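target.cif follows; it contains mmCIF, C-alpha atoms.
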data_structure
#
loop_
_atom_site.label_atom_id
_atom_site.label_comp_id
_atom_site.auth_asym_id
_atom_site.auth_seq_id
_atom_site.Cartn_x
_atom_site.Cartn_y
_atom_site.Cartn_z
CA MET A 1 31.64 -27.07 43.54
CA PRO A 2 28.25 -25.41 44.14
CA GLU A 3 27.36 -22.58 41.84
CA ARG A 4 27.39 -19.14 43.47
CA LYS A 5 26.97 -15.99 41.48
CA GLN A 6 27.86 -12.52 42.67
CA VAL A 7 24.89 -10.63 44.07
CA LYS A 8 24.20 -7.18 42.68
CA MET A 9 24.43 -4.57 45.44
CA PRO A 10 22.46 -1.37 45.66
CA SER A 11 24.44 1.74 44.91
CA SER A 12 23.66 3.40 48.27
CA ALA A 13 25.56 2.28 51.38
CA PRO A 14 27.20 -0.70 49.62
CA THR A 15 29.84 -1.57 52.23
CA ARG A 16 27.52 -1.99 55.19
CA PHE A 17 24.91 -3.72 53.08
CA GLU A 18 27.49 -6.09 51.61
CA ALA A 19 28.80 -6.97 55.03
CA GLU A 20 25.30 -7.66 56.33
CA LEU A 21 24.45 -9.69 53.25
CA GLU A 22 27.58 -11.79 53.76
CA ARG A 23 26.68 -12.37 57.41
CA LEU A 24 23.19 -13.48 56.35
CA ARG A 25 24.61 -15.69 53.62
CA LEU A 26 26.70 -17.54 56.18
CA ARG A 27 23.68 -17.84 58.43
CA PHE A 28 21.71 -19.24 55.48
CA VAL A 29 24.44 -21.79 54.68
CA LYS A 30 24.63 -22.86 58.32
CA GLY A 31 20.87 -23.28 58.34
CA LEU A 32 20.91 -25.56 55.28
CA ASN A 33 21.31 -28.67 57.43
CA ALA A 34 18.01 -27.94 59.17
CA ARG A 35 16.33 -27.49 55.79
CA ILE A 36 17.87 -30.75 54.54
CA SER A 37 16.57 -32.60 57.63
CA GLU A 38 13.08 -31.21 57.15
CA ILE A 39 12.97 -32.24 53.47
CA GLU A 40 14.37 -35.70 54.24
CA SER A 41 11.92 -36.20 57.09
CA ALA A 42 8.94 -35.09 54.98
CA PHE A 43 10.07 -37.24 52.07
CA ALA A 44 10.38 -40.26 54.39
CA ASP A 45 6.81 -39.61 55.59
CA PHE A 46 5.70 -39.40 51.97
CA ASN A 47 7.34 -42.72 51.18
CA ALA A 48 5.78 -44.30 54.27
CA GLY A 49 2.43 -43.24 52.84
CA THR A 50 0.93 -42.32 56.20
CA SER A 51 0.31 -38.60 55.63
CA ARG A 52 0.95 -38.12 51.94
CA SER A 53 -0.54 -34.66 51.39
CA GLU A 54 0.83 -33.30 54.65
CA ALA A 55 4.31 -34.56 53.73
CA LEU A 56 4.03 -33.04 50.25
CA THR A 57 2.90 -29.74 51.74
CA ARG A 58 5.95 -29.69 54.03
CA ILE A 59 8.25 -30.34 51.05
CA PHE A 60 6.43 -27.64 49.08
CA PHE A 61 6.93 -24.94 51.74
CA GLU A 62 10.59 -25.81 52.23
CA ALA A 63 11.24 -25.76 48.48
CA HIS A 64 9.20 -22.58 48.12
CA SER A 65 11.29 -20.80 50.78
CA LEU A 66 14.46 -21.81 48.95
CA VAL A 67 13.09 -20.49 45.64
CA GLY A 68 12.57 -17.13 47.32
CA ILE A 69 15.79 -16.79 49.22
CA ALA A 70 18.65 -18.91 47.81
CA PRO A 71 19.21 -16.79 44.67
CA SER A 72 19.39 -13.66 46.86
CA PHE A 73 22.58 -15.11 48.35
CA GLY A 74 23.96 -16.14 45.00
CA TYR A 75 22.75 -19.75 45.01
CA GLY A 76 20.79 -19.69 41.78
CA ASN A 77 21.22 -23.45 41.30
CA ILE A 78 19.44 -24.14 44.61
CA GLY A 79 16.60 -21.82 43.63
CA LYS A 80 16.28 -23.49 40.23
CA GLN A 81 16.15 -27.04 41.60
CA ALA A 82 13.83 -25.98 44.45
CA LEU A 83 11.47 -24.54 41.82
CA ALA A 84 11.56 -27.87 39.98
CA VAL A 85 10.62 -29.64 43.24
CA GLU A 86 7.85 -27.12 43.88
CA GLU A 87 6.36 -27.81 40.44
CA VAL A 88 6.51 -31.60 40.87
CA VAL A 89 4.95 -31.36 44.34
CA LYS A 90 2.12 -29.20 43.00
CA ARG A 91 1.42 -31.80 40.32
CA GLU A 92 1.57 -34.61 42.89
CA LEU A 93 -0.87 -32.81 45.18
CA LYS A 94 -3.35 -32.55 42.32
CA ALA A 95 -2.75 -36.10 41.04
CA SER A 96 -5.15 -38.93 41.73
CA ALA A 97 -3.92 -42.27 43.11
CA ASP A 98 -3.41 -43.76 39.64
CA SER A 99 -1.78 -40.70 38.05
CA THR A 100 0.82 -40.04 40.75
CA LYS A 101 4.50 -40.06 39.67
CA PRO A 102 6.55 -40.79 42.80
CA ASP A 103 9.71 -41.45 40.76
CA GLU A 104 9.60 -37.95 39.30
CA LEU A 105 9.25 -36.52 42.80
CA LYS A 106 12.06 -38.71 44.13
CA HIS A 107 14.37 -37.63 41.33
CA ALA A 108 13.65 -33.92 41.90
CA VAL A 109 13.93 -34.11 45.70
CA MET A 110 17.18 -36.10 45.57
CA ALA A 111 18.70 -33.63 43.14
CA LEU A 112 17.76 -30.77 45.48
CA LEU A 113 19.14 -32.58 48.52
CA ASN A 114 22.42 -33.21 46.71
CA ILE A 115 22.84 -29.54 45.84
CA LEU A 116 21.92 -28.49 49.38
CA LYS A 117 24.35 -30.96 50.95
CA SER A 118 27.10 -29.91 48.61
CA SER A 119 26.50 -26.22 49.46
CA ALA A 120 26.27 -26.92 53.19
CA GLN A 121 29.51 -28.87 53.20
CA SER A 122 31.47 -26.57 50.94
CA ARG A 123 34.31 -24.84 52.76
CA VAL A 124 34.10 -22.03 50.22
CA ALA A 125 30.50 -21.42 51.14
CA LEU A 126 31.39 -21.01 54.80
CA LEU A 127 34.35 -18.74 54.28
CA PRO A 128 33.89 -14.99 54.21
CA THR A 129 34.08 -13.95 50.58
CA ASN A 130 34.81 -10.21 50.96
CA GLY A 131 32.30 -9.50 48.23
CA GLU A 132 34.19 -11.60 45.63
CA MET B 1 7.99 4.81 58.22
CA ASN B 2 6.91 2.01 60.55
CA ILE B 3 6.84 -1.35 58.68
CA LEU B 4 5.45 -4.76 59.56
CA ALA B 5 7.04 -7.57 57.50
CA VAL B 6 5.54 -11.07 57.55
CA ASP B 7 7.22 -14.17 56.13
CA ASP B 8 7.42 -17.72 57.46
CA ASP B 9 11.13 -17.92 56.50
CA ILE B 10 13.25 -16.24 59.18
CA ASP B 11 16.27 -16.01 56.83
CA PHE B 12 14.16 -14.08 54.37
CA LEU B 13 12.96 -11.73 57.11
CA HIS B 14 16.55 -10.98 58.07
CA LEU B 15 17.36 -10.33 54.43
CA LEU B 16 14.43 -7.92 54.24
CA ALA B 17 15.67 -6.20 57.38
CA ALA B 18 19.07 -5.71 55.74
CA HIS B 19 17.34 -4.07 52.78
CA PHE B 20 15.31 -1.83 55.10
CA GLU B 21 18.45 -0.73 56.93
CA ALA B 22 20.25 -0.10 53.62
CA ILE B 23 17.75 2.64 52.83
CA ASN B 24 17.63 3.97 56.39
CA LEU B 25 14.32 2.41 57.35
CA SER B 26 15.04 1.47 60.92
CA SER B 27 11.53 1.20 62.30
CA TYR B 28 10.27 -2.25 61.43
CA THR B 29 8.84 -5.38 63.04
CA LEU B 30 9.42 -8.89 61.70
CA VAL B 31 6.95 -11.72 62.34
CA THR B 32 6.76 -15.25 60.97
CA SER B 33 3.02 -15.92 60.69
CA ALA B 34 -0.26 -14.26 59.82
CA GLU B 35 -1.64 -14.85 63.31
CA GLU B 36 1.38 -13.20 64.89
CA ALA B 37 0.96 -10.30 62.48
CA ILE B 38 -2.65 -9.68 63.54
CA GLN B 39 -1.71 -9.88 67.21
CA THR B 40 1.19 -7.47 66.63
CA ILE B 41 -1.05 -5.00 64.83
CA HIS B 42 -3.55 -5.01 67.70
CA ALA B 43 -0.87 -4.81 70.39
CA SER B 44 1.29 -2.16 68.74
CA HIS B 45 1.21 1.36 70.16
CA ALA B 46 2.69 2.94 67.04
CA GLU B 47 0.53 2.59 63.93
CA PHE B 48 2.06 0.56 61.10
CA GLU B 49 2.43 2.61 57.93
CA CYS B 50 3.37 -0.14 55.49
CA PHE B 51 2.95 -3.92 55.35
CA VAL B 52 5.23 -6.30 53.47
CA LEU B 53 3.56 -9.70 53.24
CA ASP B 54 4.66 -13.04 51.89
CA ILE B 55 1.84 -14.81 50.06
CA SER B 56 2.73 -18.44 50.55
CA MET B 57 2.71 -19.27 54.26
CA PRO B 58 1.52 -22.37 56.13
CA GLU B 59 -1.72 -22.08 58.14
CA LYS B 60 -2.98 -18.70 56.93
CA ASP B 61 -1.62 -17.28 53.65
CA GLY B 62 -0.64 -13.69 52.90
CA ILE B 63 -3.72 -13.01 50.75
CA THR B 64 -6.06 -13.83 53.63
CA LEU B 65 -3.90 -11.72 55.94
CA CYS B 66 -4.00 -8.84 53.44
CA ARG B 67 -7.81 -9.01 53.42
CA GLU B 68 -7.93 -9.02 57.21
CA ILE B 69 -5.62 -6.01 57.45
CA ARG B 70 -7.72 -4.13 54.90
CA ALA B 71 -10.82 -4.82 57.00
CA LEU B 72 -9.28 -2.89 59.89
CA PRO B 73 -10.56 0.69 59.58
CA GLN B 74 -7.17 2.20 60.48
CA HIS B 75 -5.50 0.25 57.66
CA ALA B 76 -8.10 0.65 54.92
CA SER B 77 -5.54 2.52 52.81
CA THR B 78 -2.18 1.63 54.36
CA PRO B 79 0.25 0.54 51.61
CA ILE B 80 0.57 -3.25 51.33
CA LEU B 81 3.36 -4.84 49.28
CA MET B 82 3.11 -8.53 48.55
CA LEU B 83 6.32 -10.49 48.08
CA THR B 84 6.25 -13.98 46.66
CA ALA B 85 8.07 -16.53 44.60
CA LEU B 86 4.73 -17.52 43.04
CA SER B 87 4.54 -16.05 39.56
CA ASP B 88 1.17 -17.57 38.66
CA LYS B 89 -1.26 -14.86 37.50
CA ARG B 90 -3.92 -16.24 39.85
CA TYR B 91 -1.85 -15.14 42.83
CA ILE B 92 -1.24 -11.66 41.40
CA ASP B 93 -4.98 -11.28 40.77
CA ALA B 94 -5.88 -12.55 44.21
CA ALA B 95 -3.37 -10.23 45.91
CA PHE B 96 -4.76 -7.12 44.22
CA GLN B 97 -8.35 -8.26 44.78
CA ALA B 98 -7.55 -8.61 48.48
CA GLY B 99 -6.42 -4.97 48.54
CA ALA B 100 -2.65 -5.15 47.93
CA ASN B 101 -1.08 -2.06 46.38
CA ASP B 102 1.92 -3.73 44.83
CA TYR B 103 3.46 -7.11 44.15
CA LEU B 104 7.13 -7.99 43.96
CA ALA B 105 8.61 -11.29 42.88
CA LYS B 106 11.13 -13.27 44.92
CA PRO B 107 14.08 -13.54 44.77
CA ILE B 108 14.03 -9.83 45.41
CA GLU B 109 16.10 -7.45 43.34
CA ALA B 110 17.72 -4.95 45.69
CA GLN B 111 17.24 -1.98 43.36
CA GLU B 112 13.61 -2.78 42.70
CA LEU B 113 12.73 -3.33 46.35
CA HIS B 114 14.50 -0.15 47.39
CA GLY B 115 12.71 1.78 44.66
CA ARG B 116 9.34 0.44 45.75
CA LEU B 117 9.98 1.11 49.43
CA ASN B 118 11.16 4.63 48.69
CA MET B 119 7.97 5.21 46.73
CA VAL B 120 5.88 3.89 49.63
CA GLY B 121 7.84 6.19 51.94
CA GLU B 122 6.90 9.15 49.78
CA VAL B 123 3.24 8.10 49.81
CA VAL B 124 3.30 7.74 53.60
CA SER B 125 4.87 11.15 54.13
CA ALA B 126 2.42 12.71 51.66
CA ARG B 127 -0.41 11.10 53.65
CA HIS B 128 0.99 12.57 56.85
CA SER B 129 1.05 16.04 55.28
CA SER B 130 -2.42 15.68 53.80
CA LYS B 131 -3.80 14.39 57.12
CA GLU B 132 -2.43 17.46 58.84
CA LEU B 133 -3.82 19.71 56.11
CA ILE B 134 -7.26 18.09 56.32
CA GLN B 135 -7.26 18.45 60.08
CA LYS B 136 -6.36 22.12 59.82
CA PHE B 137 -8.91 22.61 57.07
CA ASP B 138 -11.64 20.83 59.03
CA GLU B 139 -11.00 23.03 61.99
CA ARG B 140 -11.41 26.16 59.94
CA ARG B 141 -13.98 25.20 57.34
CA SER B 142 -17.19 27.12 57.43
CA GLN B 143 -18.69 25.75 54.26
CA LYS B 144 -20.58 22.48 54.52
CA TYR B 145 -19.03 20.65 51.55
CA GLY B 146 -15.62 22.22 51.75
CA HIS B 147 -13.41 19.17 51.96
CA LEU B 148 -14.85 16.80 49.38
CA LYS B 149 -14.54 17.69 45.74
CA TYR B 150 -16.51 16.12 42.94
CA SER B 151 -13.24 15.31 41.22
CA ASP B 152 -11.78 13.53 44.29
CA LYS B 153 -10.65 9.98 43.57
CA MET B 154 -11.80 8.46 46.84
CA ALA B 155 -10.31 5.03 47.46
CA LEU B 156 -13.63 3.41 48.60
CA LEU B 157 -11.40 0.73 50.11
CA GLU B 158 -14.07 -0.44 52.53
CA VAL B 159 -15.67 -2.23 49.58
CA ASP B 160 -14.14 -5.65 48.81
CA GLY B 161 -12.58 -5.70 45.36
CA VAL B 162 -12.23 -1.91 45.02
CA THR B 163 -8.72 -0.57 44.69
CA THR B 164 -7.03 2.65 43.54
CA MET B 165 -6.02 3.68 40.01
CA GLN B 166 -2.39 3.52 41.17
CA SER B 167 -2.90 -0.10 42.21
CA LEU B 168 -4.45 -0.92 38.82
CA GLU B 169 -1.33 0.47 37.17
CA ASN B 170 0.88 -1.57 39.50
CA TYR B 171 -1.18 -4.65 38.69
CA LEU B 172 -0.64 -4.22 34.95
CA PHE B 173 3.09 -3.64 35.43
CA ARG B 174 3.30 -6.82 37.52
CA LEU B 175 1.54 -8.82 34.83
CA GLY B 176 4.08 -7.66 32.29
CA ARG B 177 3.69 -6.92 28.62
CA PHE B 178 2.38 -10.20 27.35
CA ARG B 179 -0.17 -11.03 30.03
CA SER B 180 -1.43 -7.44 30.28
CA SER B 181 -2.34 -7.54 26.59
CA PHE B 182 -5.21 -9.90 27.50
CA CYS B 183 -6.71 -7.39 29.95
CA SER B 184 -9.36 -4.88 29.03
CA ALA B 185 -10.80 -1.79 30.70
CA ILE B 186 -14.43 -0.78 30.84
CA PRO B 187 -15.37 2.82 31.67
CA ILE B 188 -18.34 2.99 34.03
CA THR B 189 -20.02 6.26 34.84
CA VAL B 190 -22.74 7.23 37.27
CA ALA B 191 -24.52 9.50 34.82
CA ASN B 192 -26.36 11.51 37.47
CA SER B 193 -23.52 11.60 40.01
CA HIS B 194 -23.32 15.40 39.87
CA LEU B 195 -26.94 15.68 41.05
CA ILE B 196 -26.37 13.15 43.81
CA PHE B 197 -23.26 15.02 44.88
CA VAL B 198 -25.25 18.22 45.26
CA GLN B 199 -28.19 16.51 47.00
CA THR B 200 -26.09 14.76 49.66
CA ASP B 201 -23.46 15.55 52.25
CA PRO B 202 -19.97 14.09 51.74
CA ASP B 203 -20.52 11.02 53.93
CA GLU B 204 -23.76 10.15 52.15
CA TYR B 205 -22.16 10.70 48.75
CA VAL B 206 -19.30 8.33 49.60
CA ASP B 207 -21.77 5.75 50.99
CA ILE B 208 -23.81 5.89 47.77
CA LEU B 209 -20.68 5.43 45.67
CA ALA B 210 -19.63 2.51 47.88
CA GLU B 211 -23.05 0.86 47.41
CA THR B 212 -22.80 1.46 43.67
CA ALA B 213 -19.30 -0.05 43.64
CA THR B 214 -20.61 -3.11 45.48
CA ALA B 215 -23.40 -3.51 42.92
CA ILE B 216 -20.88 -3.23 40.05
CA ILE B 217 -18.55 -5.84 41.55
CA GLU B 218 -21.42 -8.23 42.26
CA SER B 219 -22.80 -7.86 38.76
CA PHE B 220 -19.60 -8.89 36.99
CA PRO B 221 -18.73 -12.60 37.11
CA SER B 222 -16.79 -13.27 40.31
CA GLY B 223 -13.01 -12.91 40.19
CA THR B 224 -12.90 -11.43 36.69
CA GLY B 225 -11.64 -7.94 37.46
CA LEU B 226 -10.73 -5.03 39.69
CA LEU B 227 -12.59 -1.77 40.22
CA ALA B 228 -11.26 1.72 40.98
CA PHE B 229 -13.02 5.06 41.41
CA CYS B 230 -11.61 7.89 39.30
CA GLY B 231 -13.56 10.94 40.49
CA TYR B 232 -16.34 12.78 38.62
CA GLY B 233 -18.68 9.84 39.29
CA ASN B 234 -16.57 7.54 37.12
CA PHE B 235 -15.25 4.05 37.76
CA CYS B 236 -12.71 1.93 35.92
CA TRP B 237 -13.38 -1.79 35.67
CA LEU B 238 -10.18 -3.61 34.75
CA SER B 239 -11.09 -6.98 33.39
CA THR B 240 -8.32 -9.42 34.31
CA THR B 241 -9.61 -12.27 32.18
CA THR B 242 -10.68 -12.56 28.57
CA PHE B 243 -14.34 -12.84 29.51
CA GLN B 244 -16.87 -12.15 26.77
CA HIS B 245 -19.99 -11.50 28.79
CA ASP B 246 -22.79 -9.30 27.55
CA LEU B 247 -22.11 -5.81 28.91
CA THR B 248 -25.69 -4.68 28.32
CA GLU B 249 -26.91 -7.48 30.54
CA ILE B 250 -24.37 -6.56 33.23
CA ASN B 251 -25.38 -2.90 32.97
CA THR B 252 -29.02 -3.80 33.56
CA LEU B 253 -28.11 -6.01 36.49
CA ILE B 254 -26.06 -3.21 38.10
CA ASN B 255 -28.93 -0.71 37.81
CA ASP B 256 -31.47 -3.23 39.14
CA THR B 257 -29.25 -3.97 42.13
CA VAL B 258 -28.61 -0.29 42.81
CA ALA B 259 -32.34 0.49 42.56
CA GLN B 260 -33.20 -2.34 44.96
CA ARG B 261 -30.61 -1.34 47.53
CA LEU B 262 -30.75 2.42 47.35
CA GLY B 263 -34.20 3.17 45.94
CA LEU B 264 -36.13 2.82 49.18
CA LEU B 265 -33.32 4.10 51.31
CA MET B 266 -33.16 7.39 49.50
CA GLY B 267 -36.92 7.87 49.63
CA GLY B 268 -37.11 10.21 46.64
CA PHE B 269 -35.02 12.93 48.26
CA VAL B 270 -31.89 11.90 46.41
CA ASP B 271 -31.58 10.58 42.86
CA VAL B 272 -30.85 6.86 42.55
CA PRO B 273 -27.50 6.36 40.77
CA ARG B 274 -27.89 5.66 37.05
CA VAL B 275 -24.95 3.55 35.95
CA GLU B 276 -23.76 3.45 32.34
CA LEU B 277 -21.11 1.10 30.97
CA GLY B 278 -18.88 2.27 28.13
CA GLY B 279 -17.31 0.08 25.48
CA ARG B 280 -14.55 -2.35 26.29
CA ILE B 281 -11.00 -1.03 25.73
CA GLN B 282 -8.84 -3.99 24.81
CA GLY B 283 -5.15 -4.14 25.77
CA GLY B 284 -3.93 -5.93 22.64
CA LEU B 285 -0.73 -4.89 20.93
CA ARG B 286 -0.42 -1.46 22.55
CA SER B 287 -0.08 -3.19 25.95
CA VAL B 288 2.94 -5.06 24.62
CA THR B 289 4.81 -1.77 24.37
CA ARG B 290 3.20 -0.16 27.46
CA PRO B 291 1.28 -2.37 29.94
CA THR B 292 -0.70 0.56 31.37
CA ALA B 293 -1.76 1.89 27.94
CA ILE B 294 -5.38 0.82 28.43
CA LEU B 295 -5.69 2.95 31.54
CA GLU B 296 -4.35 6.02 29.75
CA LEU B 297 -6.82 5.50 26.94
CA PHE B 298 -9.51 4.79 29.47
CA GLN B 299 -8.98 8.13 31.18
CA TYR B 300 -8.95 9.89 27.84
CA ASP B 301 -12.27 8.24 26.94
CA PHE B 302 -13.76 9.41 30.19
CA SER B 303 -12.81 13.01 29.69
CA ALA B 304 -14.23 12.87 26.18
CA GLY B 305 -17.33 10.90 27.07
CA THR B 306 -18.59 12.48 30.23
CA SER B 307 -18.91 16.13 29.43
CA SER B 308 -22.14 16.26 31.42
CA ASN B 309 -20.19 15.34 34.52
CA LYS B 310 -17.62 18.05 33.85
CA GLU B 311 -20.34 20.65 33.32
CA ALA B 312 -22.02 19.41 36.44
CA HIS B 313 -18.80 19.89 38.33
CA GLN B 314 -18.85 23.50 37.18
CA ASP B 315 -22.51 23.80 38.25
CA TRP B 316 -21.71 22.37 41.63
CA LYS B 317 -18.89 24.86 42.16
CA GLU B 318 -21.36 27.65 41.53
CA TYR B 319 -23.91 26.03 43.81
CA ALA B 320 -21.38 25.54 46.58
#

Could you rewrite the structure in this file as structure tokens?
Amino acid sequence: MPERKQVKMPSSAPTRFEAELERLRLRFVKGLNARISEIESAFADFNAGTSRSEALTRIFFEAHSLVGIAPSFGYGNIGKQALAVEEVVKRELKASADSTKPDELKHAVMALLNILKSSAQSRVALLPTNGE
Amino acid sequence: MNILAVDDDIDFLHLLAAHFEAINLSSYTLVTSAEEAIQTIHASHAEFECFVLDISMPEKDGITLCREIRALPQHASTPILMLTALSDKRYIDAAFQAGANDYLAKPIEAQELHGRLNMVGEVVSARHSSKELIQKFDERRSQKYGHLKYSDKMALLEVDGVTTMQSLENYLFRLGRFRSSFCSAIPITVANSHLIFVQTDPDEYVDILAETATAIIESFPSGTGLLAFCGYGNFCWLSTTTFQHDLTEINTLINDTVAQRLGLLMGGFVDVPRVELGGRIQGGLRSVTRPTAILELFQYDFSAGTSSNKEAHQDWKEYA
């Protein structure tokens, strides 16, 4: 079951804000498949070795977006793993040909993809939560 | 308050919009790239009064965009809030050096964002009131130097790397207790600023201060700090690194540069600014309890150390 923590609401206008946040959370969950496809496609390009730095940059921006937004919808575990991917990608971008660690990147990306897929497929994630 | 928010993630923009609506900010525009932002600014009929920019974006990043917005005369002092998931100090430094007024970390905390936006709203409405007051005052003023006071803390935002004292405080808060303890502040005074103030009209005085600010920034090693003007001919240099350069050498370099640039221009009719650097005020342990402590001490040192400027202010009032 994907981790999802309750999001702290502001004290002013909580009901409307909560409802909007829930609508956006569902939108975010529905959009996870597109994010998964982008990461998988970029990772495939990376493995093919044709445009290594461009592929890494694409993975970086996708992971970076998740770091910034997933915890806002209660998906702290996605944010945490996306941050791990971001860090590995940064190191890979700086690494020379003989110091690159593709296994480390693969491990981090796969872990992120697993969490994303699990969140995207979770029925709980797609059901309205009524501010549980 | 009319806001322009820029982030390459559309989900994040919608989340921001929800936060705006939650505090009754209904006038906002959302765009997904820096290029689109610039086009929107130029095409918009209503002036934007606040910018919320993501730092990490493909193509052109938020720091470059911030610099470009600051270069537009109508937005030289419009509040800019940077939002980013990047916590590296380099990005915080770069954002403030590019002219940002505040920096918030993603994921955003609702309470914190609302607090910051409310504060910006207050600044914007205060600016509206002061604009109206200045307009009214300008219409009625009969005295030549009526609207510029020697104590005014002009923003001098047309100079790259110059920010406001408020932004310096925000910067230290963003760094947090530990990292701010490595910062230091250096009081810089234009010792003869009172004479220059009397010898020039307001526009000339501001131009001279801007040139002096440029010379100060260029004389410190690049990317090592932020500068703000504090009124009374005084500047605050906030050193953002633990650099140990020779301040006497830097002081000489500043005065040489100022003399080269302004000496001929002023043709003996106006004094050439004489810049003096004070001692370094180190953050250290007191910053651990209060990140902005060095700025408070800095201001105290100024009031104690620049009595000639205060007297001069009195002289000027009599002159005026």

Can you tell me how far CA of Leu157 (chain B) sits from CA of Val258 (chain B), in Å to one decimal?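 Calculated distance between CA of Leu157 (chain B) and CA of Val258 (chain B) is 18.7 Å.
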
Which polymer residues have any atom within 12 Å of an atom of Arg52 (chain A), counting all atoms listed in the file, with same-chain residues fewer than 2 positions away left out, as a list of chain:residue names? A:Ala42, A:Phe43, A:Ala44, A:Asp45, A:Phe46, A:Asn47, A:Ala48, A:Gly49, A:Thr50, A:Glu54, A:Ala55, A:Leu56, A:Thr57, A:Arg58, A:Ile59, A:Val89, A:Glu92, A:Leu93, A:Lys94, A:Ala95, A:Ser96, A:Ala97, A:Thr100, A:Pro102

Within 12 Å of chain B, which residues of chain A are there when counting only C-alpha atoms? Please give them as a ChimeraX atom specification. /A:7-32,35,54,57-76,78-80,82-83,86-87,90

Which value, in Å to one decimal, gives the distance between CA of Met165 (chain B) and CA of Asp256 (chain B)?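 Here the two named atoms are 26.4 Å from each other.
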
Spell out the residues picked by the PyMOL selection byres ((chain B and resi 220) around 10) here, as a ChimeraX atom specification. /B:215-219,221-225,237,239,243,245-247,249-251,253-254

Just the selected residues (C-alpha atoms), exported as an mmCIF file, in the frame of the given file, please.
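Heads up, here's the output in result07.cif:
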data_model
loop_
_atom_site.group_PDB
_atom_site.id
_atom_site.type_symbol
_atom_site.label_atom_id
_atom_site.label_comp_id
_atom_site.auth_asym_id
_atom_site.auth_seq_id
_atom_site.Cartn_x
_atom_site.Cartn_y
_atom_site.Cartn_z
ATOM 1 C CA ALA B 215 -23.400 -3.510 42.920
ATOM 2 C CA ILE B 216 -20.880 -3.230 40.050
ATOM 3 C CA ILE B 217 -18.550 -5.840 41.550
ATOM 4 C CA GLU B 218 -21.420 -8.230 42.260
ATOM 5 C CA SER B 219 -22.800 -7.860 38.760
ATOM 6 C CA PRO B 221 -18.730 -12.600 37.110
ATOM 7 C CA SER B 222 -16.790 -13.270 40.310
ATOM 8 C CA GLY B 223 -13.010 -12.910 40.190
ATOM 9 C CA THR B 224 -12.900 -11.430 36.690
ATOM 10 C CA GLY B 225 -11.640 -7.940 37.460
ATOM 11 C CA TRP B 237 -13.380 -1.790 35.670
ATOM 12 C CA SER B 239 -11.090 -6.980 33.390
ATOM 13 C CA PHE B 243 -14.340 -12.840 29.510
ATOM 14 C CA HIS B 245 -19.990 -11.500 28.790
ATOM 15 C CA ASP B 246 -22.790 -9.300 27.550
ATOM 16 C CA LEU B 247 -22.110 -5.810 28.910
ATOM 17 C CA GLU B 249 -26.910 -7.480 30.540
ATOM 18 C CA ILE B 250 -24.370 -6.560 33.230
ATOM 19 C CA ASN B 251 -25.380 -2.900 32.970
ATOM 20 C CA LEU B 253 -28.110 -6.010 36.490
ATOM 21 C CA ILE B 254 -26.060 -3.210 38.100
#

Atom-to-atom span, CA of Ser37 (chain A) and CA of Glu104 (chain A), Å: 20.3 Å

Hits of the PyMOL selection byres ((chain B and resi 276-282) around 6) in this structure, as a ChimeraX atom specification: /B:184-189,275,283-284

Can I get the selection written as a PDB file, in the frame of the given file, with C-alpha atoms?
ATOM      1  CA  SER B 184      -9.360  -4.880  29.030  1.00  0.00           C
ATOM      2  CA  ALA B 185     -10.800  -1.790  30.700  1.00  0.00           C
ATOM      3  CA  ILE B 186     -14.430  -0.780  30.840  1.00  0.00           C
ATOM      4  CA  PRO B 187     -15.370   2.820  31.670  1.00  0.00           C
ATOM      5  CA  ILE B 188     -18.340   2.990  34.030  1.00  0.00           C
ATOM      6  CA  THR B 189     -20.020   6.260  34.840  1.00  0.00           C
ATOM      7  CA  VAL B 275     -24.950   3.550  35.950  1.00  0.00           C
ATOM      8  CA  GLY B 283      -5.150  -4.140  25.770  1.00  0.00           C
ATOM      9  CA  GLY B 284      -3.930  -5.930  22.640  1.00  0.00           C
TER      10      GLY B 284
END
